[in-house]
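Asks: data28.cif is the file, holding mmCIF, C-alpha atoms:
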data_structure
loop_
_atom_site.label_atom_id
_atom_site.label_comp_id
_atom_site.auth_asym_id
_atom_site.auth_seq_id
_atom_site.Cartn_x
_atom_site.Cartn_y
_atom_site.Cartn_z
CA MET A 205 0.00 0.00 0.00
CA LEU A 206 2.83 2.40 0.86
CA ILE A 207 4.48 2.11 -2.57
CA VAL A 208 1.14 2.53 -4.34
CA VAL A 209 0.31 5.70 -2.38
CA VAL A 210 3.79 7.18 -2.88
CA LEU A 211 3.73 6.57 -6.63
CA ALA A 212 0.20 7.96 -6.91
CA ALA A 213 1.16 11.06 -4.91
CA PHE A 214 4.21 11.54 -7.14
CA ALA A 215 2.01 11.35 -10.24
CA VAL A 216 -0.54 13.85 -8.91
CA ALA A 217 2.09 16.33 -7.72
CA ASN A 218 3.93 15.92 -11.01
CA VAL A 219 0.89 16.74 -13.12
CA ALA A 220 0.10 19.80 -10.99
CA MET A 221 3.67 21.14 -11.07
CA SER A 222 3.94 20.45 -14.81
CA GLY A 223 1.04 22.85 -15.26
CA VAL A 224 2.83 25.46 -13.14
CA ALA A 225 6.03 24.97 -15.14
CA ALA A 226 4.16 25.40 -18.44
CA LEU A 227 2.65 28.68 -17.20
CA LEU A 228 6.05 29.98 -16.11
CA TRP A 229 7.54 29.03 -19.49
CA ARG A 230 4.79 30.91 -21.36
CA ALA A 231 5.49 33.96 -19.18
CA ALA A 232 9.21 33.66 -19.99
CA ARG A 233 8.45 33.69 -23.72
CA ARG A 234 6.58 36.99 -23.59
CA ASP A 235 9.71 39.10 -23.11
CA PRO A 236 12.86 36.99 -23.56
CA ASP A 237 15.21 39.97 -23.72
CA ARG A 238 14.23 41.26 -20.30
CA LEU A 239 16.80 38.92 -18.76
CA SER A 240 20.42 38.34 -19.62
CA PRO A 241 20.89 35.05 -21.52
CA ALA A 242 22.67 33.52 -18.52
CA ALA A 243 19.79 34.39 -16.18
CA ARG A 244 17.24 33.18 -18.72
CA ALA A 245 19.09 29.88 -19.17
CA ARG A 246 19.24 29.33 -15.39
CA GLY A 247 15.55 30.14 -15.06
CA LEU A 248 14.46 27.85 -17.89
CA PHE A 249 16.58 25.03 -16.50
CA LEU A 250 14.88 25.50 -13.14
CA VAL A 251 11.43 25.58 -14.77
CA ARG A 252 12.14 22.40 -16.76
CA LEU A 253 13.20 20.47 -13.63
CA LEU A 254 10.49 21.99 -11.42
CA PRO A 255 7.85 19.22 -11.84
CA ALA A 256 10.27 16.37 -11.11
CA GLY A 257 12.10 18.20 -8.33
CA ALA A 258 8.98 19.51 -6.60
CA SER A 259 7.26 16.12 -6.79
CA LEU A 260 10.26 14.35 -5.28
CA VAL A 261 10.54 16.92 -2.46
CA LEU A 262 6.84 16.75 -1.58
CA VAL A 263 6.62 12.96 -1.74
CA ALA A 264 9.94 12.15 -0.03
CA GLY A 265 9.77 15.00 2.47
CA VAL A 266 6.08 15.01 3.41
CA VAL A 267 3.85 12.23 2.03
CA LEU A 268 6.21 9.31 2.64
CA PRO A 269 7.12 10.27 6.25
CA ALA A 270 3.46 10.97 7.09
CA PHE A 271 2.21 7.70 5.69
CA HIS A 272 5.04 5.70 7.22
CA ALA A 273 4.60 7.26 10.68
CA PHE A 274 0.83 7.23 11.03
CA GLU A 275 -0.54 4.48 8.79
CA PRO A 276 -1.83 1.66 11.03
CA ARG A 277 0.30 -1.47 10.80
CA GLY A 278 -1.24 -4.79 9.87
CA HIS A 279 -4.30 -3.13 8.39
CA ASP A 280 -4.87 -4.23 4.81
CA GLU A 281 -6.80 -1.79 2.66
CA ALA A 282 -8.30 -2.49 -0.71
CA ILE A 283 -6.53 -0.65 -3.50
CA GLY A 284 -9.04 1.04 -5.78
CA ALA A 285 -8.73 1.13 -9.55
CA SER A 286 -8.14 4.90 -9.62
CA LEU A 287 -5.34 4.73 -7.04
CA LEU A 288 -3.75 1.84 -8.89
CA ALA A 289 -3.99 3.72 -12.20
CA LEU A 290 -2.29 6.76 -10.66
CA SER A 291 0.52 4.62 -9.28
CA VAL A 292 1.02 2.97 -12.68
CA PHE A 293 1.17 6.43 -14.22
CA GLY A 294 3.87 7.34 -11.69
CA VAL A 295 5.86 4.25 -12.72
CA LEU A 296 5.52 5.22 -16.38
CA LEU A 297 6.85 8.71 -15.67
CA VAL A 298 9.95 7.31 -13.97
CA ALA A 299 10.47 4.54 -16.53
CA GLY A 300 10.06 6.95 -19.43
CA ALA A 301 12.69 9.26 -17.95
CA ALA A 302 15.15 6.39 -17.55
CA VAL A 303 14.62 5.29 -21.16
CA ARG A 304 15.03 8.83 -22.53
CA GLY A 305 18.25 9.34 -20.59
CA TRP A 306 19.65 5.99 -21.72
CA LEU A 307 18.75 6.54 -25.39
CA SER A 308 20.26 10.03 -25.35
CA ALA A 309 23.51 8.81 -23.78
CA ARG A 310 23.72 5.85 -26.18
CA ALA A 311 23.15 8.01 -29.28
CA THR A 312 25.83 10.43 -28.13
CA ARG A 313 28.35 7.67 -27.46
CA ARG A 314 27.83 6.34 -30.97
CA LEU A 315 28.35 9.75 -32.57
CA VAL A 316 31.43 10.51 -30.49
CA ARG A 317 32.89 7.08 -31.26
CA ALA A 318 32.44 7.72 -34.99
CA TRP A 319 34.02 11.18 -34.75
CA MET A 320 36.93 9.92 -32.67
CA ALA A 321 37.79 7.15 -35.15
CA GLN A 322 39.97 9.58 -37.12
CA ALA A 323 40.63 12.14 -34.42
CA CYS A 324 43.89 13.84 -33.58
CA PRO A 325 44.74 15.83 -30.42
CA ILE A 326 45.51 19.48 -31.09
CA THR A 327 46.49 22.51 -29.05
CA LEU A 328 44.14 25.49 -29.00
CA ALA A 329 45.11 28.56 -27.04
CA GLY A 330 42.77 29.21 -24.11
CA ALA A 331 41.08 25.80 -24.21
CA THR A 332 40.02 24.66 -20.73
CA VAL A 333 39.54 21.02 -21.84
CA PRO A 334 41.53 18.76 -24.20
CA ALA A 335 40.93 19.70 -27.85
CA VAL A 336 40.60 17.18 -30.67
CA ARG A 337 40.53 17.63 -34.45
CA VAL A 338 37.97 15.45 -36.21
CA GLU A 339 37.09 14.74 -39.83
CA SER A 340 33.44 15.62 -40.27
CA ALA A 341 31.34 16.93 -43.16
CA PHE A 342 29.28 18.79 -40.56
CA PRO A 343 31.11 21.90 -39.28
CA LEU A 344 31.36 20.42 -35.82
CA VAL A 345 32.42 22.50 -32.84
CA ALA A 346 31.21 21.00 -29.58
CA VAL A 347 32.19 20.04 -26.08
CA VAL A 348 31.24 16.40 -25.46
CA GLY A 349 31.42 14.33 -22.31
CA LEU A 350 30.39 14.84 -18.70
CA VAL A 351 33.24 13.53 -16.55
CA ARG A 352 36.13 14.16 -18.95
CA PRO A 353 34.83 16.71 -21.48
CA ARG A 354 36.64 17.23 -24.76
CA LEU A 355 36.39 19.97 -27.37
CA LEU A 356 35.81 18.51 -30.83
CA VAL A 357 36.53 20.75 -33.82
CA ALA A 358 36.09 19.77 -37.45
CA GLN A 359 39.10 20.22 -39.73
CA ARG A 360 37.10 22.41 -42.10
CA VAL A 361 36.36 24.83 -39.25
CA LEU A 362 40.04 24.99 -38.33
CA ASP A 363 40.89 25.73 -41.96
CA ALA A 364 38.23 28.44 -42.38
CA CYS A 365 38.72 30.48 -39.19
CA THR A 366 41.50 32.89 -38.28
CA PRO A 367 43.46 32.42 -35.02
CA GLN A 368 41.43 35.25 -33.47
CA GLU A 369 38.15 33.61 -34.48
CA LEU A 370 39.33 30.25 -33.16
CA GLY A 371 40.20 31.96 -29.88
CA ALA A 372 36.66 33.35 -29.71
CA ILE A 373 35.22 29.89 -30.44
CA VAL A 374 37.33 28.38 -27.65
CA ALA A 375 36.11 31.08 -25.24
CA HIS A 376 32.51 30.35 -26.26
CA GLU A 377 32.91 26.63 -25.58
CA ALA A 378 34.64 27.41 -22.28
CA GLY A 379 31.40 29.14 -21.29
CA HIS A 380 29.50 25.88 -21.80
CA VAL A 381 32.07 23.98 -19.73
CA ALA A 382 31.91 26.52 -16.89
CA THR A 383 28.12 26.20 -16.58
CA PHE A 384 27.99 22.37 -16.99
CA ASP A 385 25.60 22.66 -19.93
CA ASN A 386 26.07 19.05 -21.06
CA LEU A 387 25.00 17.79 -17.63
CA LYS A 388 22.03 20.17 -17.55
CA ARG A 389 20.90 19.00 -20.98
CA LEU A 390 21.02 15.36 -19.91
CA LEU A 391 19.18 16.08 -16.65
CA MET A 392 16.36 17.81 -18.53
CA ARG A 393 16.02 14.94 -20.99
CA ALA A 394 15.96 12.40 -18.15
CA ALA A 395 13.56 14.32 -15.90
CA PRO A 396 10.62 12.11 -14.78
CA ASP A 397 7.66 14.35 -15.50
CA LEU A 398 4.58 14.87 -17.63
CA LEU A 399 6.24 17.71 -19.56
CA ALA A 400 8.36 15.24 -21.51
CA PHE A 401 5.17 13.82 -23.08
CA THR A 402 3.82 17.23 -24.11
CA PRO A 403 5.05 19.85 -26.62
CA ALA A 404 5.99 22.13 -23.70
CA GLY A 405 8.86 19.93 -22.48
CA PRO A 406 10.92 19.89 -25.71
CA ALA A 407 10.04 23.56 -26.30
CA ILE A 408 11.44 24.57 -22.89
CA GLU A 409 14.61 22.58 -23.62
CA HIS A 410 14.88 24.30 -27.02
CA ASP A 411 14.50 27.75 -25.46
CA TRP A 412 17.07 26.82 -22.80
CA ALA A 413 19.52 25.73 -25.52
CA ASP A 414 19.12 29.06 -27.33
CA ALA A 415 19.66 30.98 -24.09
CA ALA A 416 22.68 28.81 -23.21
CA GLU A 417 24.27 29.55 -26.59
CA GLU A 418 23.79 33.30 -26.12
CA ALA A 419 25.15 33.04 -22.57
CA ALA A 420 28.26 31.30 -23.96
CA ASP A 421 28.52 34.09 -26.55
CA ASP A 422 28.46 36.62 -23.71
CA HIS A 423 31.15 34.64 -21.87
CA ALA A 424 33.38 34.91 -24.95
CA ALA A 425 32.57 38.59 -25.46
CA ARG A 426 33.58 39.45 -21.89
CA THR A 427 36.98 37.73 -22.04
CA ALA A 428 38.79 40.33 -24.18
CA GLY A 429 38.19 43.39 -26.29
CA GLY A 430 37.08 42.60 -29.83
CA ARG A 431 36.24 38.98 -29.00
CA ALA A 432 32.56 39.59 -29.76
CA LEU A 433 33.38 40.63 -33.34
CA ASP A 434 35.71 37.64 -33.78
CA LEU A 435 32.98 35.27 -32.59
CA ALA A 436 30.43 36.92 -34.91
CA GLY A 437 32.79 36.36 -37.83
CA ALA A 438 33.31 32.72 -36.83
CA LEU A 439 29.54 32.16 -36.55
CA VAL A 440 28.99 33.52 -40.07
CA LYS A 441 31.72 31.28 -41.51
CA VAL A 442 30.47 28.17 -39.75
CA ALA A 443 26.85 28.95 -40.64
CA ARG A 444 27.76 28.98 -44.33
CA MET A 445 28.97 25.39 -43.97
CA LEU A 446 25.77 24.18 -42.32
CA PRO A 447 23.48 21.85 -44.27
CA GLY A 448 19.91 22.88 -44.87
CA GLY A 449 18.52 20.66 -42.12
CA THR A 450 19.37 20.55 -38.45
CA HIS A 451 21.99 18.29 -36.94
CA ALA A 452 21.05 15.29 -34.84
CA ALA A 453 20.16 16.24 -31.28
CA LEU A 454 22.70 15.21 -28.67
CA PRO A 455 23.55 16.22 -25.10
CA ALA A 456 26.24 18.65 -26.27
CA SER A 457 26.16 22.21 -27.57
CA THR A 458 27.24 22.65 -31.17
CA LEU A 459 28.51 26.12 -32.07
CA CYS A 460 25.56 27.29 -34.14
CA HIS A 461 22.28 26.33 -35.80
CA ASN A 462 20.66 27.85 -38.85
CA GLU A 463 17.65 29.25 -37.01
CA THR A 464 19.62 31.23 -34.40
CA VAL A 465 22.69 32.50 -36.26
CA GLU A 466 21.24 35.83 -37.39
CA ARG A 467 20.01 36.81 -33.93
CA ARG A 468 23.30 35.83 -32.28
CA VAL A 469 25.41 37.70 -34.81
CA ARG A 470 23.29 40.83 -34.35
CA ARG A 471 23.70 40.56 -30.56
CA LEU A 472 27.45 40.23 -30.87
CA LEU A 473 27.76 43.18 -33.25
CA ASN A 474 25.87 45.33 -30.73
CA TRP A 475 26.95 43.48 -27.63
CA ALA A 476 25.82 44.74 -24.24
CA PRO A 477 24.92 42.91 -20.98
CA GLY A 478 21.23 42.03 -20.66
CA GLY A 479 18.76 42.65 -17.84
CA SER A 480 18.65 40.68 -14.62
CA GLY A 481 15.06 40.43 -13.38
CA ALA A 482 11.64 39.16 -14.48
CA PRO A 483 8.52 38.19 -12.49
CA TRP A 484 8.43 34.61 -13.86
CA LEU A 485 12.02 34.02 -12.74
CA PHE A 486 11.31 35.34 -9.23
CA ALA A 487 8.27 33.03 -9.04
CA ALA A 488 10.27 29.98 -10.17
CA ARG A 489 13.05 30.70 -7.71
CA GLY A 490 10.56 31.25 -4.89
CA LEU A 491 8.86 27.88 -5.36
CA VAL A 492 12.00 25.91 -4.60
CA PRO A 493 12.74 27.26 -1.09
CA MET A 494 9.01 27.20 -0.31
CA LEU A 495 8.76 23.47 -1.05
CA VAL A 496 11.97 22.74 0.84
CA ALA A 497 10.57 24.71 3.80
CA VAL A 498 7.38 22.62 3.72
CA ALA A 499 9.42 19.41 3.77
CA ALA A 500 11.60 20.74 6.59
CA ALA A 501 8.51 21.76 8.57
CA GLY A 502 7.23 18.18 8.31
CA ALA A 503 10.48 16.91 9.80
CA VAL A 504 10.24 19.36 12.70
CA ASP A 505 6.51 19.60 13.36
CA VAL A 506 4.64 16.28 13.50
CA ARG A 507 1.31 18.05 13.34
CA LEU A 508 1.90 18.82 9.67
CA LEU A 509 2.50 15.13 8.97
CA VAL A 510 -0.69 14.23 10.85
CA HIS A 511 -2.71 16.60 8.68
CA VAL A 512 -1.05 15.29 5.53
CA GLN A 513 -1.87 11.71 6.50
CA ARG A 514 -5.50 12.66 7.13
CA VAL A 515 -5.72 14.29 3.69
CA VAL A 516 -4.14 11.23 2.06
CA GLU A 517 -6.62 8.94 3.83
CA ILE A 518 -9.58 11.06 2.74
CA VAL A 519 -8.39 11.13 -0.87
CA VAL A 520 -7.64 7.40 -0.96
CA SER A 521 -10.99 6.47 0.56
CA SER A 522 -12.90 8.72 -1.85
CA LEU A 523 -11.29 7.27 -4.98
CA PRO A 524 -13.30 4.59 -6.78
#
Any chance you could give the structure as structure tokens?
Replies:
Amino acid sequence: MLIVVVLAAFAVANVAMSGVAALLWRAARRDPDRLSPAARARGLFLVRLLPAGASLVLVAGVVLPAFHAFEPRGHDEAIGASLLALSVFGVLLVAGAAVRGWLSARATRRLVRAWMAQACPITLAGATVPAVRVESAFPLVAVVGLVRPRLLVAQRVLDACTPQELGAIVAHEAGHVATFDNLKRLLMRAAPDLLAFTPAGPAIEHDWADAAEEAADDHAARTAGGRALDLAGALVKVARMLPGGTHAALPASTLCHNETVERRVRRLLNWAPGGSGAPWLFAARGLVPMLVAVAAAGAVDVRLLVHVQRVVEIVVSSLP
């Protein structure tokens, strides 16, 4: 009974918080330039993980302790069809997340293995991770790997860019490394929530990726005078090598994509730091400490757990 209730509570909380996350994302889309790209990327990452994180906090910090402490022992209750269906839905959310994470990691390993078949270590000034030259028809520039990241650069990109432009590219990729963007991308893809099964989930991840690229552009632009112009020139050169379609999705940030190049080049040509505040971001940030405080209150004040257990009992008994 305990496992069934916990899984059902996780599913219900997940659905509710997925709705909240979708509303916050729609608010973020209304005025994307109100925040700096770095702040927008952090906020969207928080919004994307909000349903899974909030559900885990509420279930592990409140529902599970309450049910474990106050549910009568040795008392078998019939499990209704609705409660069972909710628990199965909770299992599907977790299982789906595990499958998505595994498929994403496997696809990336295959691509990296193919690229590394004819790879050669190179030295790039300013690189914060080992750099590798690869033979690829796609103008690849990406940091791959979580534990031991490497910077992969296609030979055609090395041939086309000046030393100054390559330095700007390295600074851009160093921005991704500094903010652990590969790990964040994988966490979002493996998040156990309802958003992953709706258009909102991939759309939030897409918006995060765009913001993360602009944040990495800003990181490069801040490192030295003129670096913004060098990076803009590199983006234009690499964009001209891009095929008409988009490259296969993987948990790594490639330097540029057709649909975002123009905006990023314009930003770099007129580079200036962005804003730092927006109501949706304040709301997203406020939800996290509020939920943690609720879980902490349950650990300190047993009365909260008693009330939670009573609510759970009422809900369970009212379900068909």
Asks: Can you measure atom CA of A:Leu248 to atom CA of A:Leu472 for me? One decimal in Å is fine.
Replies: 22.1 Å
Asks: In Å, how far is it from atom CA of A:Ala346 to atom CA of A:Glu377?
Replies: 7.1 Å
Asks: What residues have an atom no more than 10 Å from (19.6, 29.6, -20.4) in the file's own frame, counting only C-alpha atoms, and can you write them as a list in words?
Replies: Leu239, Ser240, Pro241, Ala242, Ala243, Arg244, Ala245, Arg246, Gly247, Leu248, Phe249, Leu250, Thr383, Asp385, Ile408, Glu409, His410, Asp411, Trp412, Ala413, Asp414, Ala415, Ala416, Glu417, Glu418, Ala419 and Ala420 of chain A
Asks: Store the residues of this selection in a file with C-alpha atoms, as a JSON list (two decimals), keeping the file's coordinate frame.
Replies:
[["chain", "number", "residue", "atom", "x", "y", "z"],
["A", 239, "LEU", "CA", 16.80, 38.92, -18.76],
["A", 240, "SER", "CA", 20.42, 38.34, -19.62],
["A", 241, "PRO", "CA", 20.89, 35.05, -21.52],
["A", 242, "ALA", "CA", 22.67, 33.52, -18.52],
["A", 243, "ALA", "CA", 19.79, 34.39, -16.18],
["A", 244, "ARG", "CA", 17.24, 33.18, -18.72],
["A", 245, "ALA", "CA", 19.09, 29.88, -19.17],
["A", 246, "ARG", "CA", 19.24, 29.33, -15.39],
["A", 247, "GLY", "CA", 15.55, 30.14, -15.06],
["A", 248, "LEU", "CA", 14.46, 27.85, -17.89],
["A", 249, "PHE", "CA", 16.58, 25.03, -16.50],
["A", 250, "LEU", "CA", 14.88, 25.50, -13.14],
["A", 383, "THR", "CA", 28.12, 26.20, -16.58],
["A", 385, "ASP", "CA", 25.60, 22.66, -19.93],
["A", 408, "ILE", "CA", 11.44, 24.57, -22.89],
["A", 409, "GLU", "CA", 14.61, 22.58, -23.62],
["A", 410, "HIS", "CA", 14.88, 24.30, -27.02],
["A", 411, "ASP", "CA", 14.50, 27.75, -25.46],
["A", 412, "TRP", "CA", 17.07, 26.82, -22.80],
["A", 413, "ALA", "CA", 19.52, 25.73, -25.52],
["A", 414, "ASP", "CA", 19.12, 29.06, -27.33],
["A", 415, "ALA", "CA", 19.66, 30.98, -24.09],
["A", 416, "ALA", "CA", 22.68, 28.81, -23.21],
["A", 417, "GLU", "CA", 24.27, 29.55, -26.59],
["A", 418, "GLU", "CA", 23.79, 33.30, -26.12],
["A", 419, "ALA", "CA", 25.15, 33.04, -22.57],
["A", 420, "ALA", "CA", 28.26, 31.30, -23.96]]
Asks: Counting all atoms listed in the file, figure out which residue out of A:Gly371, A:Pro447, A:Gly300, A:Pro403 gets nearest to A:Ala331.
Replies: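 For A:Ala331, the nearest of the candidates is A:Gly371.
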Asks: Which distance in Å separates atom CA of A:Arg317 and atom CA of A:Asp363, to one decimal?
Replies: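 Computing the Euclidean distance for atom CA of A:Arg317 and atom CA of A:Asp363 yields 22.9 Å.
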Asks: Need the shell around stretch 254-260 of chain A: protein/DNA/RNA residues with any atom at most 12 Å away, counting all atoms listed in the file. Skip same-chain ones fewer than 4 positions apart. Format as an MDAnalysis selection string?
Replies: chainID A and resid 210:229 247:250 264:268 294 297:298 301 391:400 405 408 487:499
